[in-house]
$ cat protein.tsv   # TSV, C-alpha atoms
chain	number	residue	atom	x	y	z
A	214	MET	CA	-7.65	3.45	16.01
A	215	ASP	CA	-5.76	1.34	13.57
A	216	LEU	CA	-5.12	2.95	10.17
A	217	ILE	CA	-6.61	-0.04	8.36
A	218	VAL	CA	-9.76	0.26	10.48
A	219	ALA	CA	-9.91	3.98	9.63
A	220	PHE	CA	-9.50	3.17	5.94
A	221	ILE	CA	-12.21	0.50	5.99
A	222	THR	CA	-14.51	2.81	7.96
A	223	GLY	CA	-14.01	5.39	5.23
A	224	LEU	CA	-14.51	2.83	2.50
A	225	THR	CA	-17.84	1.74	3.94
A	226	THR	CA	-19.68	3.99	6.37
A	227	GLY	CA	-17.71	7.19	5.75
A	228	GLY	CA	-18.10	7.09	1.99
A	229	LEU	CA	-21.82	6.42	2.15
A	230	GLY	CA	-22.52	8.75	5.03
A	231	CYS	CA	-20.76	11.74	3.51
A	232	LEU	CA	-22.01	11.16	0.01
A	233	ALA	CA	-25.28	12.98	0.59
A	234	VAL	CA	-23.76	16.26	1.72
A	235	GLN	CA	-20.45	16.44	-0.08
A	236	GLY	CA	-21.46	14.41	-3.13
A	237	GLY	CA	-24.15	16.98	-3.88
A	238	LEU	CA	-21.57	19.74	-4.10
A	239	LEU	CA	-19.37	17.70	-6.36
A	240	THR	CA	-22.11	16.67	-8.74
A	241	SER	CA	-23.35	20.25	-8.87
A	242	THR	CA	-19.93	21.34	-10.10
A	243	LEU	CA	-19.81	18.47	-12.54
A	244	ALA	CA	-23.18	19.43	-13.97
A	245	HIS	CA	-21.65	22.70	-15.13
A	246	GLN	CA	-18.65	20.90	-16.59
A	247	ILE	CA	-21.01	18.59	-18.47
A	248	GLU	CA	-23.06	21.54	-19.77
A	249	LEU	CA	-19.90	23.26	-20.99
A	250	ASP	CA	-18.62	20.11	-22.65
A	251	LEU	CA	-22.03	19.60	-24.24
A	252	GLN	CA	-21.98	23.12	-25.67
A	253	VAL	CA	-18.52	22.55	-27.16
A	254	HIS	CA	-19.57	19.14	-28.45
A	255	ASN	CA	-22.77	20.42	-30.10
A	256	GLY	CA	-21.01	23.51	-31.48
A	257	ALA	CA	-18.37	21.37	-33.13
A	258	GLY	CA	-21.04	19.37	-34.92
A	259	VAL	CA	-19.33	16.10	-34.04
A	260	VAL	CA	-21.29	12.88	-34.54
A	261	GLN	CA	-19.34	10.72	-32.07
A	262	LYS	CA	-20.73	9.82	-28.67
A	263	PHE	CA	-20.67	12.63	-26.09
A	264	ARG	CA	-18.16	12.04	-23.30
A	265	PRO	CA	-17.95	14.80	-20.71
A	266	HIS	CA	-14.54	15.43	-19.13
A	267	ILE	CA	-15.44	14.90	-15.51
A	268	ALA	CA	-12.70	12.57	-14.28
A	269	GLN	CA	-10.22	15.39	-13.75
A	270	PRO	CA	-12.47	17.68	-11.69
A	271	ILE	CA	-13.50	14.71	-9.53
A	272	LEU	CA	-9.86	13.86	-8.94
A	273	PHE	CA	-9.03	17.49	-8.12
A	274	PHE	CA	-11.94	17.58	-5.69
A	275	LEU	CA	-10.88	14.36	-3.98
A	276	ILE	CA	-7.17	15.24	-3.82
A	277	ALA	CA	-7.98	18.67	-2.36
A	278	LYS	CA	-10.29	17.02	0.17
A	279	LEU	CA	-7.62	14.46	1.08
A	280	ILE	CA	-4.99	17.16	1.63
A	281	ALA	CA	-7.38	19.40	3.59
A	282	TYR	CA	-8.46	16.63	5.94
A	283	THR	CA	-4.88	15.41	6.42
A	284	ILE	CA	-3.91	18.94	7.51
A	285	LEU	CA	-7.00	19.04	9.72
A	286	GLY	CA	-5.97	15.70	11.27
A	287	TYR	CA	-2.49	17.14	11.92
A	288	LEU	CA	-4.01	20.19	13.61
A	289	LEU	CA	-6.41	18.08	15.69
A	290	GLY	CA	-3.55	15.79	16.74
A	291	SER	CA	-1.52	18.89	17.67
A	292	VAL	CA	-4.38	20.20	19.82
A	293	GLY	CA	-4.67	16.75	21.41
A	294	SER	CA	-0.93	16.72	22.19
A	295	VAL	CA	-1.10	20.16	23.80
A	296	LEU	CA	-4.08	19.07	25.87
A	297	GLN	CA	-2.09	15.96	26.92
A	298	LEU	CA	-5.16	13.79	27.23
A	299	THR	CA	-5.15	11.64	30.32
A	300	PRO	CA	-6.60	8.11	30.04
A	301	LEU	CA	-9.76	9.41	31.70
A	302	MET	CA	-10.07	12.31	29.22
A	303	SER	CA	-9.53	9.88	26.34
A	304	ALA	CA	-12.14	7.61	27.86
A	305	ILE	CA	-14.66	10.46	28.02
A	306	LEU	CA	-13.84	11.45	24.45
A	307	TYR	CA	-14.27	7.88	23.16
A	308	PHE	CA	-17.48	7.57	25.16
A	309	ALA	CA	-18.80	10.82	23.68
A	310	ILE	CA	-17.86	9.72	20.15
A	311	GLY	CA	-19.64	6.42	20.74
A	312	ILE	CA	-22.80	8.06	22.06
A	313	PHE	CA	-22.72	10.52	19.14
A	314	MET	CA	-22.46	7.67	16.62
A	315	ILE	CA	-25.15	5.58	18.31
A	316	GLY	CA	-27.41	8.66	18.41
A	317	ASN	CA	-26.86	9.22	14.71
A	318	GLY	CA	-27.47	5.55	13.94
A	319	LEU	CA	-30.77	5.67	15.83
A	320	ARG	CA	-31.64	8.95	14.08
A	321	MET	CA	-31.16	7.28	10.71
A	322	PHE	CA	-33.56	4.56	11.82
A	323	ASN	CA	-36.07	7.28	12.82
A	324	VAL	CA	-36.34	5.76	16.28
A	325	HIS	CA	-37.35	9.04	17.93
A	326	PRO	CA	-37.32	12.74	16.90
A	327	ILE	CA	-34.96	13.53	19.79
A	328	PHE	CA	-32.11	11.81	17.91
A	329	ARG	CA	-32.24	14.60	15.30
A	330	TYR	CA	-30.39	16.67	17.92
A	331	PHE	CA	-27.33	14.47	17.39
A	332	VAL	CA	-26.79	16.24	14.09
A	333	ILE	CA	-24.29	19.08	13.99
A	334	GLU	CA	-25.53	21.40	11.27
A	335	PRO	CA	-23.12	23.93	9.76
A	336	PRO	CA	-24.31	27.57	9.83
A	337	SER	CA	-26.60	28.58	6.96
A	338	ALA	CA	-24.22	31.36	5.87
A	339	LEU	CA	-21.45	28.81	5.33
A	340	THR	CA	-23.59	26.32	3.44
A	341	ARG	CA	-24.94	29.22	1.34
A	342	TYR	CA	-21.41	30.31	0.40
A	343	ILE	CA	-20.33	26.78	-0.44
A	344	ARG	CA	-23.50	26.12	-2.43
A	345	ARG	CA	-23.06	29.26	-4.51
A	346	THR	CA	-19.38	28.51	-5.09
A	347	SER	CA	-20.34	25.09	-6.41
A	348	LYS	CA	-22.50	26.73	-9.05
A	349	ASN	CA	-19.81	29.12	-10.16
A	350	GLY	CA	-18.69	27.24	-13.20
A	351	ALA	CA	-16.31	24.56	-14.24
A	352	SER	CA	-12.83	25.89	-13.71
A	353	PHE	CA	-10.50	23.47	-11.96
A	354	PHE	CA	-10.22	25.98	-9.17
A	355	THR	CA	-13.84	25.33	-8.18
A	356	PRO	CA	-13.52	21.57	-7.45
A	357	ILE	CA	-10.27	22.24	-5.58
A	358	LEU	CA	-11.93	24.94	-3.48
A	359	LEU	CA	-14.98	22.75	-2.85
A	360	GLY	CA	-12.84	19.76	-1.93
A	361	THR	CA	-11.10	21.94	0.64
A	362	LEU	CA	-14.33	23.42	1.93
A	363	THR	CA	-15.76	19.97	2.69
A	364	ILE	CA	-13.90	20.17	6.02
A	365	PHE	CA	-16.70	22.53	7.05
A	366	LEU	CA	-19.37	20.00	6.05
A	367	PRO	CA	-18.30	16.84	7.82
A	368	CYS	CA	-20.86	14.08	8.10
A	369	GLY	CA	-21.40	12.26	11.39
A	370	VAL	CA	-18.79	9.55	10.75
A	371	THR	CA	-16.22	12.17	9.77
A	372	GLN	CA	-16.95	14.19	12.90
A	373	ALA	CA	-16.38	11.06	14.95
A	374	MET	CA	-13.11	10.40	13.12
A	375	MET	CA	-12.04	14.00	13.78
A	376	ALA	CA	-12.62	13.45	17.49
A	377	THR	CA	-10.58	10.25	17.27
A	378	ALA	CA	-7.75	12.23	15.60
A	379	LEU	CA	-7.91	14.63	18.54
A	380	SER	CA	-7.68	11.75	20.99
A	381	THR	CA	-4.48	10.42	19.38
A	382	GLY	CA	-2.62	13.37	20.91
A	383	SER	CA	-0.09	13.19	18.08
A	384	PRO	CA	-0.02	15.42	14.98
A	385	LEU	CA	1.44	12.64	12.85
A	386	GLN	CA	-1.07	10.03	14.02
A	387	GLY	CA	-3.93	12.51	13.63
A	388	ALA	CA	-2.84	13.31	10.08
A	389	THR	CA	-2.34	9.67	9.04
A	390	LEU	CA	-5.66	8.67	10.62
A	391	MET	CA	-7.59	11.31	8.68
A	392	PHE	CA	-5.57	10.53	5.53
A	393	ALA	CA	-6.46	6.83	5.76
A	394	PHE	CA	-10.11	7.58	6.47
A	395	ILE	CA	-10.57	10.10	3.63
A	396	LEU	CA	-8.60	7.89	1.25
A	397	GLY	CA	-11.10	5.16	2.13
A	398	THR	CA	-14.05	7.40	1.26
A	399	SER	CA	-12.56	8.31	-2.13
A	400	PRO	CA	-13.34	5.22	-4.27
A	401	LEU	CA	-17.07	5.46	-3.59
A	402	PHE	CA	-17.08	9.20	-4.15
A	403	PHE	CA	-15.27	8.79	-7.43
A	404	SER	CA	-17.48	5.94	-8.64
A	405	VAL	CA	-20.73	7.66	-7.78
A	406	ALA	CA	-19.67	11.03	-9.14
A	407	TYR	CA	-18.23	9.50	-12.28
A	408	PHE	CA	-20.89	7.01	-13.23
A	409	ALA	CA	-24.02	8.97	-12.48
A	410	THR	CA	-24.69	12.39	-11.13
A	411	ARG	CA	-28.08	11.28	-9.86
A	412	LEU	CA	-26.98	8.02	-8.31
A	413	GLY	CA	-26.09	9.78	-5.05
A	414	SER	CA	-29.60	10.10	-3.74
A	415	ALA	CA	-30.56	6.59	-4.88
A	416	ILE	CA	-27.54	5.08	-3.13
A	417	GLU	CA	-28.16	7.22	-0.09
A	418	LYS	CA	-31.69	5.85	0.26
A	419	TYR	CA	-30.63	2.28	-0.44
A	420	PHE	CA	-27.70	2.26	1.94
A	421	THR	CA	-29.08	4.41	4.73
A	422	ARG	CA	-29.87	1.38	6.82
A	423	ILE	CA	-26.46	-0.18	6.20
A	424	VAL	CA	-24.80	3.07	7.28
A	425	ALA	CA	-27.07	3.26	10.33
A	426	VAL	CA	-26.21	-0.30	11.40
A	427	THR	CA	-22.49	0.34	10.87
A	428	MET	CA	-22.75	3.57	12.87
A	429	LEU	CA	-24.38	1.66	15.72
A	430	ILE	CA	-21.70	-1.03	15.66
A	431	ILE	CA	-18.80	1.45	15.55
A	432	GLY	CA	-20.54	3.55	18.21
A	433	LEU	CA	-20.79	0.55	20.53
A	434	ILE	CA	-17.10	-0.25	19.91
A	435	GLN	CA	-16.18	3.34	20.81
A	436	VAL	CA	-18.29	3.21	24.00
A	437	ASP	CA	-16.59	-0.09	24.82
A	438	THR	CA	-13.19	1.55	24.29
A	439	GLY	CA	-14.22	4.43	26.55
A	440	LEU	CA	-15.32	1.99	29.26
A	441	ASN	CA	-12.04	0.07	29.04
A	442	LEU	CA	-9.95	3.23	29.26
A	443	SER	CA	-11.89	4.45	32.26
A	444	GLY	CA	-11.06	1.22	34.09
A	445	SER	CA	-14.71	0.27	34.30
A	446	ALA	CA	-15.46	-3.21	35.61
A	447	PHE	CA	-17.96	-3.68	32.84
A	448	SER	CA	-17.40	-3.49	29.11
A	449	PHE	CA	-18.36	-5.86	26.33
A	450	SER	CA	-14.80	-6.84	25.47
A	451	ARG	CA	-13.76	-7.07	29.14
A	452	THR	CA	-16.65	-9.41	29.87
A	453	ILE	CA	-15.55	-11.66	27.01
A	454	SER	CA	-11.93	-11.68	28.19
A	455	ILE	CA	-12.98	-12.47	31.77
A	456	LEU	CA	-15.16	-15.34	30.55
A	457	GLU	CA	-12.22	-16.63	28.51
A	458	ALA	CA	-10.01	-16.43	31.59
A	459	TYR	CA	-12.49	-18.59	33.56
A	460	ALA	CA	-11.96	-21.35	31.02
A	461	LEU	CA	-8.23	-21.39	31.78
A	462	PRO	CA	-6.42	-22.46	34.94
A	463	ALA	CA	-5.56	-19.52	37.19
A	464	GLN	CA	-2.27	-18.06	36.00
A	465	THR	CA	0.31	-16.71	38.39
A	466	GLY	CA	3.80	-15.26	38.06
A	467	LEU	CA	5.25	-11.77	37.96
A	468	SER	CA	5.65	-11.14	34.26
A	469	ILE	CA	3.21	-10.29	31.52
A	470	GLU	CA	3.93	-11.06	27.89
A	471	VAL	CA	2.93	-8.15	25.67
A	472	THR	CA	2.16	-9.78	22.34
A	473	GLU	CA	0.62	-8.84	19.02
A	474	ASN	CA	-2.69	-10.16	20.39
A	475	GLY	CA	-2.63	-8.32	23.69
A	476	TYR	CA	-1.50	-9.30	27.16
A	477	SER	CA	-0.79	-12.80	28.33
A	478	PRO	CA	-2.15	-13.87	30.71
A	479	GLN	CA	-5.22	-11.70	30.39
A	480	THR	CA	-5.96	-12.34	34.04
A	481	LEU	CA	-2.92	-12.59	36.28
A	482	HIS	CA	-3.43	-13.70	39.87
A	483	LEU	CA	-1.09	-11.96	42.32
A	484	PRO	CA	-0.49	-12.00	46.06
A	485	ALA	CA	-2.38	-9.48	48.13
A	486	ASN	CA	-1.06	-7.20	50.89
A	487	GLN	CA	2.50	-6.86	49.64
A	488	ASP	CA	4.40	-4.55	47.33
A	489	LEU	CA	5.13	-6.17	44.01
A	490	THR	CA	7.24	-5.60	40.96
A	491	ILE	CA	5.88	-7.03	37.76
A	492	GLU	CA	7.61	-7.07	34.41
A	493	TRP	CA	6.23	-6.27	30.96
A	494	VAL	CA	7.95	-8.40	28.32
A	495	THR	CA	7.85	-7.38	24.67
A	496	ARG	CA	9.26	-9.41	21.80
A	497	ASN	CA	9.11	-7.46	18.55
A	498	THR	CA	5.66	-6.20	19.57
A	499	GLN	CA	4.27	-3.66	17.11
A	500	THR	CA	0.67	-3.16	18.22
A	501	CYS	CA	-0.85	-0.63	20.61
A	502	ALA	CA	-0.42	-3.24	23.36
A	503	ARG	CA	2.99	-1.60	23.85
A	504	SER	CA	1.20	1.48	25.16
A	505	VAL	CA	-0.11	0.30	28.52
A	506	VAL	CA	-2.72	2.23	30.51
A	507	ILE	CA	-3.70	1.39	34.10
A	508	PRO	CA	-6.38	3.97	34.95
A	509	ASP	CA	-6.66	3.07	38.66
A	510	LEU	CA	-2.95	3.70	39.22
A	511	SER	CA	-2.71	6.65	36.77
A	512	TYR	CA	-0.01	4.61	35.05
A	513	GLN	CA	0.71	5.08	31.39
A	514	THR	CA	3.83	3.95	29.57
A	515	ILE	CA	5.07	3.04	26.13
A	516	LEU	CA	7.15	-0.11	26.15
A	517	PRO	CA	10.09	-0.75	23.81
A	518	THR	CA	9.36	-2.97	20.80
A	519	THR	CA	11.54	-5.63	22.40
A	520	GLY	CA	12.61	-5.61	26.03
A	521	ARG	CA	11.67	-5.94	29.66
A	522	VAL	CA	10.25	-3.10	31.75
A	523	LYS	CA	9.65	-3.39	35.48
A	524	PHE	CA	6.68	-1.81	37.18
A	525	ASP	CA	6.07	-1.40	40.91
A	526	ILE	CA	2.62	-1.99	42.32
A	527	PRO	CA	1.85	-0.93	45.87
A	528	ALA	CA	0.29	-3.51	48.16
A	529	GLN	CA	-3.35	-4.21	47.35
A	530	GLU	CA	-6.08	-5.57	49.57
A	531	LYS	CA	-7.13	-9.15	49.05
A	532	GLY	CA	-9.77	-9.33	46.36
A	533	ALA	CA	-8.70	-6.09	44.68
A	534	ILE	CA	-8.74	-6.01	40.90
A	535	ILE	CA	-6.67	-3.62	38.81
A	536	ARG	CA	-7.79	-3.35	35.21
A	537	TYR	CA	-5.62	-2.23	32.32
A	538	THR	CA	-5.74	-1.95	28.54
A	539	CYS	CA	-3.69	-0.53	25.71
A	540	SER	CA	-4.00	3.23	25.17
A	541	MET	CA	-6.66	2.62	22.54
A	542	GLY	CA	-8.88	0.74	24.94
A	543	MET	CA	-8.10	-2.61	23.34
A	544	TYR	CA	-6.94	-5.89	24.95
A	545	PRO	CA	-8.68	-5.40	28.32
A	546	SER	CA	-6.82	-7.38	30.97
A	547	GLN	CA	-6.63	-7.45	34.74
A	548	LEU	CA	-4.51	-8.14	37.78
A	549	VAL	CA	-6.39	-9.99	40.50
A	550	PHE	CA	-4.94	-9.85	44.00
A	551	ASP	CA	-6.34	-13.02	45.50
A	552	LEU	CA	-3.27	-15.07	46.46
A	553	GLU	CA	-1.56	-15.42	49.80
A	554	SER	CA	1.89	-13.88	49.83
A	555	THR	CA	3.62	-17.26	49.82
A	556	GLU	CA	1.87	-18.49	46.68
A	557	THR	CA	4.02	-16.53	44.24
A	558	ASP	CA	7.75	-16.02	44.36
A	559	GLN	CA	8.75	-12.39	44.44
B	77	MET	CA	-42.79	38.76	4.05
B	78	LYS	CA	-41.73	35.81	6.17
B	79	LYS	CA	-43.52	32.48	6.23
B	80	ILE	CA	-42.71	29.36	8.22
B	81	PHE	CA	-43.49	25.92	6.81
B	82	ASN	CA	-43.41	22.53	8.47
B	83	VAL	CA	-41.51	20.09	6.26
B	84	PRO	CA	-42.23	16.64	7.70
B	85	ASP	CA	-40.46	14.74	4.93
B	86	MET	CA	-36.94	15.99	5.68
B	87	THR	CA	-34.94	12.83	6.38
B	88	CYS	CA	-31.39	14.09	6.85
B	89	PRO	CA	-29.38	17.29	7.34
B	90	ASN	CA	-28.76	17.42	3.61
B	91	CYS	CA	-32.48	18.00	3.05
B	92	ALA	CA	-32.17	21.37	4.81
B	93	MET	CA	-29.34	22.36	2.49
B	94	HIS	CA	-31.36	21.10	-0.46
B	95	LEU	CA	-34.34	23.24	0.50
B	96	GLU	CA	-32.17	26.29	1.17
B	97	GLY	CA	-30.87	25.89	-2.38
B	98	LEU	CA	-34.32	26.94	-3.60
B	99	GLU	CA	-33.47	30.54	-2.72
B	100	ASP	CA	-31.22	30.61	-5.79
B	101	GLU	CA	-33.89	29.02	-7.97
B	102	ILE	CA	-37.12	30.91	-7.25
B	103	PRO	CA	-37.29	34.58	-8.26
B	104	GLY	CA	-38.74	36.60	-5.42
B	105	VAL	CA	-37.23	34.54	-2.61
B	106	LYS	CA	-34.84	36.55	-0.48
B	107	ARG	CA	-33.73	33.90	1.99
B	108	ILE	CA	-34.59	30.37	3.08
B	109	THR	CA	-33.46	28.99	6.41
B	110	ALA	CA	-34.28	25.32	6.84
B	111	SER	CA	-33.76	23.18	9.94
B	112	TYR	CA	-33.64	19.43	9.93
B	113	LYS	CA	-33.85	19.39	13.74
B	114	ARG	CA	-37.12	21.32	13.76
B	115	LEU	CA	-38.35	19.91	10.43
B	116	ASN	CA	-39.28	23.36	9.21
B	117	MET	CA	-38.13	26.15	6.93
B	118	GLU	CA	-38.53	29.89	7.10
B	119	VAL	CA	-38.91	31.64	3.77
B	120	GLU	CA	-38.42	35.37	3.36
B	121	PHE	CA	-39.92	36.47	0.07
B	122	ASP	CA	-41.42	39.33	-1.91
B	123	GLU	CA	-45.18	38.71	-1.91
B	124	THR	CA	-45.62	40.94	-4.99
B	125	LEU	CA	-43.57	38.44	-7.01
B	126	LEU	CA	-44.41	35.14	-5.38
B	127	THR	CA	-47.22	33.29	-3.61
B	128	VAL	CA	-47.07	30.67	-0.87
B	129	GLU	CA	-48.50	28.15	-3.33
B	130	GLN	CA	-45.63	28.75	-5.74
B	131	ILE	CA	-43.12	28.11	-2.96
B	132	ILE	CA	-44.88	24.86	-2.09
B	133	LEU	CA	-44.90	23.86	-5.74
B	134	ALA	CA	-41.17	24.54	-6.10
B	135	ALA	CA	-40.47	22.44	-2.99
B	136	ASN	CA	-42.71	19.66	-4.33
B	137	LYS	CA	-40.60	19.54	-7.46
B	138	ILE	CA	-37.50	18.63	-5.45
B	139	GLY	CA	-39.39	16.07	-3.39
B	140	TYR	CA	-40.60	17.94	-0.28
B	141	HIS	CA	-44.11	18.78	0.88
B	142	PRO	CA	-44.05	21.90	3.05
B	143	GLU	CA	-47.15	22.85	5.00
B	144	PRO	CA	-47.54	26.57	5.85
B	145	ILE	CA	-48.00	27.29	9.53
B	146	PRO	CA	-50.96	29.64	10.02
B	147	ALA	CA	-49.80	33.06	11.31

$ encode --input "protein.tsv" --output "structure tokens"
Amino acid sequence: MDLIVAFITGLTTGGLGCLAVQGGLLTSTLAHQIELDLQVHNGAGVVQKFRPHIAQPILFFLIAKLIAYTILGYLLGSVGSVLQLTPLMSAILYFAIGIFMIGNGLRMFNVHPIFRYFVIEPPSALTRYIRRTSKNGASFFTPILLGTLTIFLPCGVTQAMMATALSTGSPLQGATLMFAFILGTSPLFFSVAYFATRLGSAIEKYFTRIVAVTMLIIGLIQVDTGLNLSGSAFSFSRTISILEAYALPAQTGLSIEVTENGYSPQTLHLPANQDLTIEWVTRNTQTCARSVVIPDLSYQTILPTTGRVKFDIPAQEKGAIIRYTCSMGMYPSQLVFDLESTETDQ
Amino acid sequence: MKKIFNVPDMTCPNCAMHLEGLEDEIPGVKRITASYKRLNMEVEFDETLLTVEQIILAANKIGYHPEPIPA
């Protein structure tokens, strides 16, 4: 998942979705800070307007949360790298994330009681400990501790993002993904916590449907990604790309341009019943299109930013279709073996 | 004494945490375990200090309407 997408997900769905659980802890701590400030203010007999000092504890909470989740992302990426996820395992993971998000979206719409089982509830002992810590006063240690402990209270969107960090299979990518996502959640957290301690529940009610719709959309995208990575003949994005290909004249040749927008041509017609060597061509390509996955051939490679890489394909029967995407399930494309051997120069 | 209540107006997992928070607020309550999945909560309390009605009242104050399940 692109870092910008992770950030925007945090800024929208993540911030709203996690506000209910984690925002409650934060505002509970702030309430004590406000009470303390109020005592000092009243004791001093000052006439000026009361202004509680809550910006600092909020910042401490958010910075601690950001650091904790970045470390968590690093650890998840490390686990993913040890597991060495195959395209099929990644596909299953994306599919599971998608189903989880769709289930949570439907739960938020109260479609059926069964969708309540899509919630992963932390153990009562843990929530009890965190709740009591949040009421332990206003030292700066408390918001830092609570910010760190939020990793044990992830909301649905965060859980999905954690699974995505796992699927990156890279500690650095896992860490940056979680960093971008949590950074995205921070503005809303800060605003809500700063401007009104009671606004959380009001916003939660108001935006529940927006969060639910966003969860459904992201869930469908994740399922689509899973389908693409599994090499499935059907996925929403693959259907669109196939329809687009129908509008173009059949494209032949033995090279595929790997561009910032995916693979060109999206559908390449090749001769059947003969071994072939095709060439991936990159020209300062920076996107995930460089990381090519062909599930049917168990082929996975990372192309240079600029260069030409040859790839051998064993002879395929006439009519065979080999589907491929980037490692993130984007840019679904296909090789169609429907030409006679004389139609394309080898 | 333990008493189980149905809480039909729980709308999210946070509601369970919210209800469990009552154990720090009501004298006489030993433990509250709430479940959003089952839409219920189990309250362990000292019946010499507290009645079922008082528990319901405390839950009402934070926006929930528990219904005791007959033993």

$ closest_residue --input "protein.tsv" --among "B:Glu99, B:Glu129, B:Tyr112, B:Val119" --to "B:Thr87" --atoms "only C-alpha atoms"
B:Tyr112

$ residues_around --input "protein.tsv" --residues "A:Ile455" --least-positions-apart "6" --cutoff "12 Å" --atoms "all atoms listed in the file" --output "short mmCIF file (atom, residue, chain, number, x, y, z; two decimals) with C-alpha atoms, keeping the file's coordinate frame"
data_model
loop_
_atom_site.label_atom_id
_atom_site.label_comp_id
_atom_site.auth_asym_id
_atom_site.auth_seq_id
_atom_site.Cartn_x
_atom_site.Cartn_y
_atom_site.Cartn_z
CA ALA A 446 -15.46 -3.21 35.61
CA PHE A 447 -17.96 -3.68 32.84
CA SER A 448 -17.40 -3.49 29.11
CA PHE A 449 -18.36 -5.86 26.33
CA LEU A 461 -8.23 -21.39 31.78
CA ALA A 463 -5.56 -19.52 37.19
CA PRO A 478 -2.15 -13.87 30.71
CA GLN A 479 -5.22 -11.70 30.39
CA THR A 480 -5.96 -12.34 34.04
CA LEU A 481 -2.92 -12.59 36.28
CA ILE A 534 -8.74 -6.01 40.90
CA ARG A 536 -7.79 -3.35 35.21
CA TYR A 544 -6.94 -5.89 24.95
CA PRO A 545 -8.68 -5.40 28.32
CA SER A 546 -6.82 -7.38 30.97
CA GLN A 547 -6.63 -7.45 34.74
CA LEU A 548 -4.51 -8.14 37.78
CA VAL A 549 -6.39 -9.99 40.50
#

$ residues_around --input "protein.tsv" --residues "stretch 517-523 of chain A" --least-positions-apart "6" --cutoff "6 Å" --atoms "all atoms listed in the file" --output "PyMOL selection string"
chain A and resi 491-498

$ interface_residues --input "protein.tsv" --of "chain A" --to "chain B" --cutoff "8 Å" --atoms "all atoms listed in the file" --output "ChimeraX atom specification"
/A:233-234,321,329-330,332,334,337,340-341,344

$ write_last_selection --input "protein.tsv" --atoms "C-alpha atoms" --output "CSV table (one decimal), keeping the file's coordinate frame"
chain,number,residue,atom,x,y,z
A,233,ALA,CA,-25.3,13.0,0.6
A,234,VAL,CA,-23.8,16.3,1.7
A,321,MET,CA,-31.2,7.3,10.7
A,329,ARG,CA,-32.2,14.6,15.3
A,330,TYR,CA,-30.4,16.7,17.9
A,332,VAL,CA,-26.8,16.2,14.1
A,334,GLU,CA,-25.5,21.4,11.3
A,337,SER,CA,-26.6,28.6,7.0
A,340,THR,CA,-23.6,26.3,3.4
A,341,ARG,CA,-24.9,29.2,1.3
A,344,ARG,CA,-23.5,26.1,-2.4

$ atom_distance --input "protein.tsv" --atom1 "atom CA of A:Met314" --atom2 "atom CA of A:Ile271"
28.5 Å

$ atom_distance --input "protein.tsv" --atom1 "atom CA of A:Phe394" --atom2 "atom CA of A:Val218"
8.4 Å

$ closest_residue --input "protein.tsv" --among "B:Ala147, B:Met86, B:Gly139, B:Met77" --to "B:Phe121" --atoms "only C-alpha atoms"
B:Met77

$ atom_distance --input "protein.tsv" --atom1 "atom CA of A:Tyr287" --atom2 "atom CA of A:Phe392"
9.7 Å

$ residues_near_point --input "protein.tsv" --point "(-8.8, 21.2, -11.7)" --cutoff "8 Å" --atoms "only C-alpha atoms" --output "list in words"
Gln269, Pro270, Leu272, Phe273, Phe274, Ser352, Phe353, Phe354, Thr355, Pro356 and Ile357 of chain A

$ residues_around --input "protein.tsv" --residues "A:Cys368" --least-positions-apart "6" --cutoff "12 Å" --atoms "only C-alpha atoms" --output "JSON, numbers by chain"
{"A": [223, 226, 227, 228, 229, 230, 231, 232, 233, 234, 235, 236, 313, 314, 317, 331, 332, 333, 334, 335, 374, 375, 395, 398, 424, 428], "B": [88, 89, 90]}

$ residues_around --input "protein.tsv" --residues "A:Leu362" --least-positions-apart "3" --cutoff "8 Å" --atoms "all atoms listed in the file" --output "PyMOL selection string"
chain A and resi 278+343+358-359+365-366

$ build_atoms --input "protein.tsv" --residues "stretch 325-332 of chain A" --atoms "N, CA and C atoms" --output "short mmCIF file (atom, residue, chain, number, x, y, z; two decimals), in the coordinates of the input"
data_model
loop_
_atom_site.label_atom_id
_atom_site.label_comp_id
_atom_site.auth_asym_id
_atom_site.auth_seq_id
_atom_site.Cartn_x
_atom_site.Cartn_y
_atom_site.Cartn_z
N HIS A 325 -36.64 8.00 17.17
CA HIS A 325 -37.35 9.04 17.93
C HIS A 325 -36.86 10.41 17.44
N PRO A 326 -37.76 11.40 17.39
CA PRO A 326 -37.32 12.74 16.90
C PRO A 326 -36.16 13.33 17.70
N ILE A 327 -36.01 12.93 18.95
CA ILE A 327 -34.96 13.53 19.79
C ILE A 327 -33.56 13.25 19.20
N PHE A 328 -33.42 12.15 18.46
CA PHE A 328 -32.11 11.81 17.91
C PHE A 328 -31.67 12.75 16.78
N ARG A 329 -32.63 13.58 16.30
CA ARG A 329 -32.24 14.60 15.30
C ARG A 329 -31.27 15.60 15.91
N TYR A 330 -31.28 15.72 17.24
CA TYR A 330 -30.39 16.67 17.92
C TYR A 330 -28.94 16.16 17.97
N PHE A 331 -28.70 14.96 17.47
CA PHE A 331 -27.33 14.47 17.39
C PHE A 331 -26.63 14.99 16.14
N VAL A 332 -27.37 15.70 15.32
CA VAL A 332 -26.79 16.24 14.09
C VAL A 332 -26.15 17.59 14.38
#
